[in-house]
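Structure data follow from run_5.cif (mmCIF, C-alpha atoms and all ligand atoms):
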```cif
data_entry
loop_
_atom_site.label_atom_id
_atom_site.label_comp_id
_atom_site.auth_asym_id
_atom_site.auth_seq_id
_atom_site.Cartn_x
_atom_site.Cartn_y
_atom_site.Cartn_z
CA MET A 28 -123.28 -88.02 -14.69
CA ASN A 29 -127.05 -88.01 -14.29
CA THR A 30 -127.81 -91.19 -12.39
CA GLU A 31 -131.47 -91.14 -13.46
CA VAL A 32 -130.57 -92.04 -17.03
CA VAL A 33 -128.48 -95.03 -16.01
CA SER A 34 -130.33 -98.21 -16.82
CA GLN A 35 -130.51 -101.02 -14.34
CA LYS A 36 -128.24 -103.10 -16.53
CA GLU A 37 -125.51 -100.47 -16.38
CA MET A 38 -125.91 -100.08 -12.63
CA LYS A 39 -124.86 -103.69 -12.26
CA VAL A 40 -121.47 -103.09 -13.84
CA SER A 41 -120.59 -99.46 -13.19
CA PRO A 42 -120.79 -98.37 -9.57
CA ILE A 43 -117.04 -97.79 -9.56
CA ARG A 44 -115.65 -94.43 -10.63
CA ASN A 45 -112.42 -95.64 -12.20
CA GLY A 46 -111.09 -99.12 -12.71
CA THR A 47 -111.93 -102.38 -14.44
CA VAL A 48 -115.03 -104.56 -14.48
CA ILE A 49 -114.44 -108.09 -15.71
CA ASP A 50 -117.81 -109.44 -16.83
CA HIS A 51 -118.97 -112.82 -18.16
CA ILE A 52 -116.39 -114.77 -16.16
CA THR A 53 -116.99 -118.52 -16.23
CA PRO A 54 -119.01 -119.31 -13.05
CA GLY A 55 -116.76 -120.32 -10.16
CA MET A 56 -113.66 -118.60 -11.59
CA ALA A 57 -113.92 -115.14 -9.95
CA LEU A 58 -111.59 -115.96 -7.07
CA LYS A 59 -109.05 -117.53 -9.41
CA VAL A 60 -109.15 -114.38 -11.53
CA LEU A 61 -108.36 -112.38 -8.38
CA ARG A 62 -105.50 -114.73 -7.58
CA ILE A 63 -104.02 -114.28 -11.06
CA LEU A 64 -104.16 -110.52 -10.56
CA GLY A 65 -102.71 -110.66 -7.03
CA LEU A 66 -105.80 -109.01 -5.55
CA PRO A 67 -106.76 -107.64 -3.14
CA ARG A 68 -103.39 -105.96 -2.61
CA GLU A 69 -102.10 -105.73 0.91
CA GLY A 70 -102.26 -102.16 2.18
CA SER A 71 -104.40 -100.93 -0.72
CA ARG A 72 -107.61 -99.02 0.02
CA SER A 73 -109.13 -99.69 -3.40
CA VAL A 74 -112.30 -101.76 -3.35
CA VAL A 75 -112.23 -105.15 -5.04
CA SER A 76 -115.50 -107.06 -5.39
CA ALA A 77 -116.34 -110.50 -6.70
CA ILE A 78 -119.93 -111.31 -7.57
CA MET A 79 -120.51 -114.96 -8.17
CA ASN A 80 -123.03 -117.09 -9.96
CA VAL A 81 -125.38 -114.32 -11.07
CA PRO A 82 -127.79 -114.83 -13.97
CA SER A 83 -126.63 -113.05 -17.13
CA GLU A 84 -128.80 -111.49 -19.83
CA SER A 85 -128.50 -114.72 -21.81
CA GLY A 86 -129.93 -116.73 -18.89
CA ARG A 87 -126.64 -118.45 -18.18
CA ARG A 88 -124.71 -117.95 -14.96
CA LYS A 89 -121.58 -115.85 -14.67
CA ASP A 90 -119.15 -114.27 -12.22
CA ILE A 91 -118.19 -110.58 -12.22
CA VAL A 92 -115.09 -108.94 -10.72
CA LYS A 93 -114.86 -105.18 -10.08
CA ILE A 94 -111.50 -103.61 -9.40
CA GLU A 95 -111.35 -99.99 -8.32
CA ASP A 96 -108.49 -97.73 -9.46
CA ARG A 97 -106.76 -100.23 -11.70
CA GLU A 98 -106.76 -100.76 -15.46
CA LEU A 99 -105.55 -104.20 -16.45
CA GLU A 100 -102.46 -104.70 -18.57
CA PRO A 101 -102.87 -106.66 -21.83
CA GLU A 102 -100.65 -109.39 -20.39
CA GLU A 103 -103.00 -109.77 -17.41
CA VAL A 104 -105.98 -109.97 -19.74
CA ASP A 105 -104.24 -112.78 -21.65
CA ARG A 106 -103.82 -114.74 -18.42
CA ILE A 107 -107.47 -114.29 -17.48
CA SER A 108 -108.48 -115.65 -20.88
CA LEU A 109 -106.93 -119.02 -19.97
CA ILE A 110 -109.54 -119.66 -17.27
CA ALA A 111 -112.38 -117.40 -18.44
CA PRO A 112 -112.31 -117.47 -22.26
CA ASN A 113 -115.64 -115.63 -22.57
CA ALA A 114 -114.81 -112.78 -20.20
CA THR A 115 -115.38 -109.16 -21.20
CA ILE A 116 -113.07 -106.40 -19.96
CA ASN A 117 -114.73 -103.04 -19.26
CA ILE A 118 -112.39 -100.15 -18.48
CA ILE A 119 -114.30 -97.59 -16.39
CA ARG A 120 -113.31 -93.93 -16.35
CA ASP A 121 -115.40 -91.41 -14.45
CA TYR A 122 -118.26 -93.92 -14.11
CA GLU A 123 -118.47 -94.52 -17.87
CA VAL A 124 -117.38 -97.58 -19.84
CA ALA A 125 -114.42 -96.06 -21.71
CA GLU A 126 -113.26 -99.30 -23.35
CA LYS A 127 -114.86 -102.68 -23.71
CA HIS A 128 -113.36 -105.76 -25.27
CA LYS A 129 -113.49 -109.52 -25.08
CA VAL A 130 -110.46 -111.40 -23.85
CA ALA A 131 -108.45 -113.26 -26.49
CA LEU A 132 -106.40 -116.35 -25.86
CA PRO A 133 -102.67 -115.87 -26.44
CA GLU A 134 -100.63 -118.35 -28.52
CA ARG A 135 -98.48 -119.22 -25.51
CA ALA A 136 -98.66 -119.21 -21.72
CA GLU A 137 -95.57 -118.74 -19.57
CA GLY A 138 -95.21 -118.56 -15.80
CA THR A 139 -98.95 -118.63 -15.10
CA VAL A 140 -99.80 -122.31 -15.15
CA ALA A 141 -98.00 -125.27 -13.57
CA CYS A 142 -97.58 -128.47 -15.58
CA SER A 143 -99.92 -131.25 -14.43
CA ASN A 144 -97.15 -133.84 -14.82
CA PRO A 145 -95.46 -134.14 -11.39
CA ASN A 146 -92.33 -135.53 -13.07
CA CYS A 147 -92.01 -132.61 -15.48
CA ILE A 148 -88.74 -130.70 -15.10
CA THR A 149 -90.76 -127.53 -14.48
CA ASN A 150 -92.06 -129.14 -11.26
CA ALA A 151 -88.62 -130.27 -10.06
CA ARG A 152 -87.47 -129.07 -6.63
CA ASP A 153 -84.03 -128.89 -5.09
CA GLU A 154 -83.09 -130.40 -1.67
CA PHE A 155 -84.54 -127.32 0.05
CA GLY A 156 -87.93 -127.80 -1.57
CA ARG A 157 -87.48 -124.83 -3.83
CA ARG A 158 -88.63 -124.97 -7.40
CA GLU A 159 -85.89 -125.42 -9.96
CA PRO A 160 -85.66 -122.31 -12.10
CA VAL A 161 -87.23 -123.90 -15.16
CA LEU A 162 -90.18 -121.72 -16.09
CA ALA A 163 -93.25 -123.69 -17.13
CA SER A 164 -94.24 -122.77 -20.66
CA PHE A 165 -97.01 -124.00 -22.89
CA ARG A 166 -98.46 -123.73 -26.35
CA VAL A 167 -102.21 -123.10 -26.56
CA ILE A 168 -103.46 -125.99 -28.71
CA ALA A 169 -107.23 -125.60 -28.29
CA LYS A 170 -109.10 -122.36 -27.90
CA GLU A 171 -112.80 -123.19 -27.53
CA LYS A 172 -112.22 -124.98 -24.24
CA PRO A 173 -108.58 -124.03 -23.68
CA VAL A 174 -105.95 -126.78 -23.66
CA LEU A 175 -102.25 -126.14 -23.06
CA ARG A 176 -99.38 -128.40 -24.15
CA CYS A 177 -96.21 -128.35 -22.07
CA ASP A 178 -93.06 -127.38 -24.00
CA TYR A 179 -90.95 -129.78 -21.92
CA CYS A 180 -92.95 -132.99 -21.46
CA ASP A 181 -95.76 -132.64 -24.02
CA ARG A 182 -98.41 -133.26 -21.34
CA ASP A 183 -101.72 -131.53 -22.11
CA VAL A 184 -103.23 -129.40 -19.35
CA VAL A 185 -107.00 -129.56 -19.78
CA ASN A 186 -108.15 -128.34 -16.38
CA ILE A 187 -106.19 -125.09 -16.43
CA ALA A 188 -107.95 -123.50 -13.45
CA ASP A 189 -106.55 -126.22 -11.15
CA GLN A 190 -103.02 -125.54 -12.36
CA ILE A 191 -102.96 -121.76 -12.06
CA MET A 192 -99.93 -120.72 -10.00
ZN ZN B 201 -94.54 -130.54 -18.38
#
```
Could you render the structure as structure tokens?
Ligand SMILES: [Zn+2]
Amino acid sequence: MNTEVVSQKEMKVSPIRNGTVIDHITPGMALKVLRILGLPREGSRSVVSAIMNVPSESGRRKDIVKIEDRELEPEEVDRISLIAPNATINIIRDYEVAEKHKVALPERAEGTVACSNPNCITNARDEFGRREPVLASFRVIAKEKPVLRCDYCDRDVVNIADQIM
């Protein structure tokens, strides 16, 4: 690639050769996105970067996450959408944006978010402090600012970022 033709805007999102750039993340959510993805991985040499609270083209603030040598699975993208509903996923191959799409909220969320009701069966623990094997599961009932409703206790989780497991 001829670097002279790369605009400054592109430079901001594509200094990795292969991997994923998650752009337009809700400000303050970059580290939670990394936690959802289990990054950085122990023992991995791939570079992971989080850029926080940068001005976007629209004048609003945003976070950006760049992950070298990894293309996200659709299921991972669904989980990111719960805390960053405006995020854009850019798949980078050989320094070029090979695919670009906005995240889309799934209909349901399972195993990603803990119920905010401490008495919910999904938060129950046995005498050893271990979680009972009841997987938290939710229906997405609002999409603009995501709200999840627990399948077991009907409690609504409004502040999803605080409940990410
Ligand atoms: Zn619940």
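Atom pair atom CA of Met192 of chain A / atom CA of Val48 of chain A has a distance of 22.6 Å (rounded to one decimal).
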Handout entry: Near-segment 151-159 of chain A list (12 Å; all atoms listed in the file; drop same-chain fewer than 6 positions) as number ranges by chain
Key = A: 141-142, 144-145
Handout entry: Selection within 6 Å of ligand ZN 201 (chain B) by only C-alpha atoms and all ligand atoms, output as a VMD selection string
Key = chain A and resid 142 144 147 177 179 to 180 182
Take the residues that were just selected and, keeping C-alpha atoms, output them as a PDB file, in the frame of the given file.
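Wrote it out as part16.pdb, contents follow:
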```pdb
ATOM      1  CA  CYS A 142     -97.580-128.470 -15.580  1.00  0.00           C
ATOM      2  CA  ASN A 144     -97.150-133.840 -14.820  1.00  0.00           C
ATOM      3  CA  CYS A 147     -92.010-132.610 -15.480  1.00  0.00           C
ATOM      4  CA  CYS A 177     -96.210-128.350 -22.070  1.00  0.00           C
ATOM      5  CA  TYR A 179     -90.950-129.780 -21.920  1.00  0.00           C
ATOM      6  CA  CYS A 180     -92.950-132.990 -21.460  1.00  0.00           C
ATOM      7  CA  ARG A 182     -98.410-133.260 -21.340  1.00  0.00           C
TER       8      ARG A 182
END
```
Practice task
Take atom CA of Arg44 of chain A and atom CA of Asn117 of chain A and report the distance between them in Å, one decimal.
Solution key: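 Taking atom CA of Arg44 of chain A as the start and atom CA of Asn117 of chain A as the end point, the length is 12.2 Å.
Between atom CA of Lys93 of chain A and atom CA of Gly55 of chain A the separation is 15.3 Å.
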Practice task
May I ask which of the residues A:Ser85, A:Ser76, A:Asn186, A:Ser143 is the closest one to Leu58 of chain A, counting all atoms listed in the file?
Solution key: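 The shortest atom-to-atom distance to Leu58 of chain A comes from A:Ser76.
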Problem - Test item: which residues lie within 12 Å of (-91.7, -122.7, -23.7) counting only C-alpha atoms, as a PyMOL selection string - result: chain A and resi 134-140+142+149+161-167+175-181
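Proximity ranking of A:Ile52, A:Ile63, A:Glu171, A:Ser83 relative to Glu102 of chain A places A:Ile63 first, based on all atoms listed in the file.
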Exercise for the section: Please provide the set of residues having any atom within 7 Å of Met79 of chain A, restricted to all atoms listed in the file, with same-chain residues fewer than 5 positions apart removed, written as a VMD selection string. Expected result: chain A and resid 54 to 55 57 89 to 91
Practice task
Name the closest residue to Val81 of chain A among the candidates A:Ile43, A:His51, A:Leu64, A:Ser108; distances are taken between atoms, counting all atoms listed in the file.
Solution key: A:His51
Practice task
Return the single residue from A:Ala131, A:Ile119, A:Ile187, A:Val124 that is closest to Glu95 of chain A, with distances computed using all atoms listed in the file.
Solution key: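 Of all the options, A:Ile119 lies closest to Glu95 of chain A.
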Exercise for the section: Can you work out which one of A:Met56, A:Ile107, A:Val174, A:Ile118 has the shortest atom-to-atom distance to Arg88 of chain A, counting all atoms listed in the file? Expected result: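 Result for the nearest residue to Arg88 of chain A: A:Met56.
Nearest residue to Ala77 of chain A, choosing from A:Glu126, A:Asp96, A:Glu103, A:Asp50 and counting only C-alpha atoms: A:Asp50.
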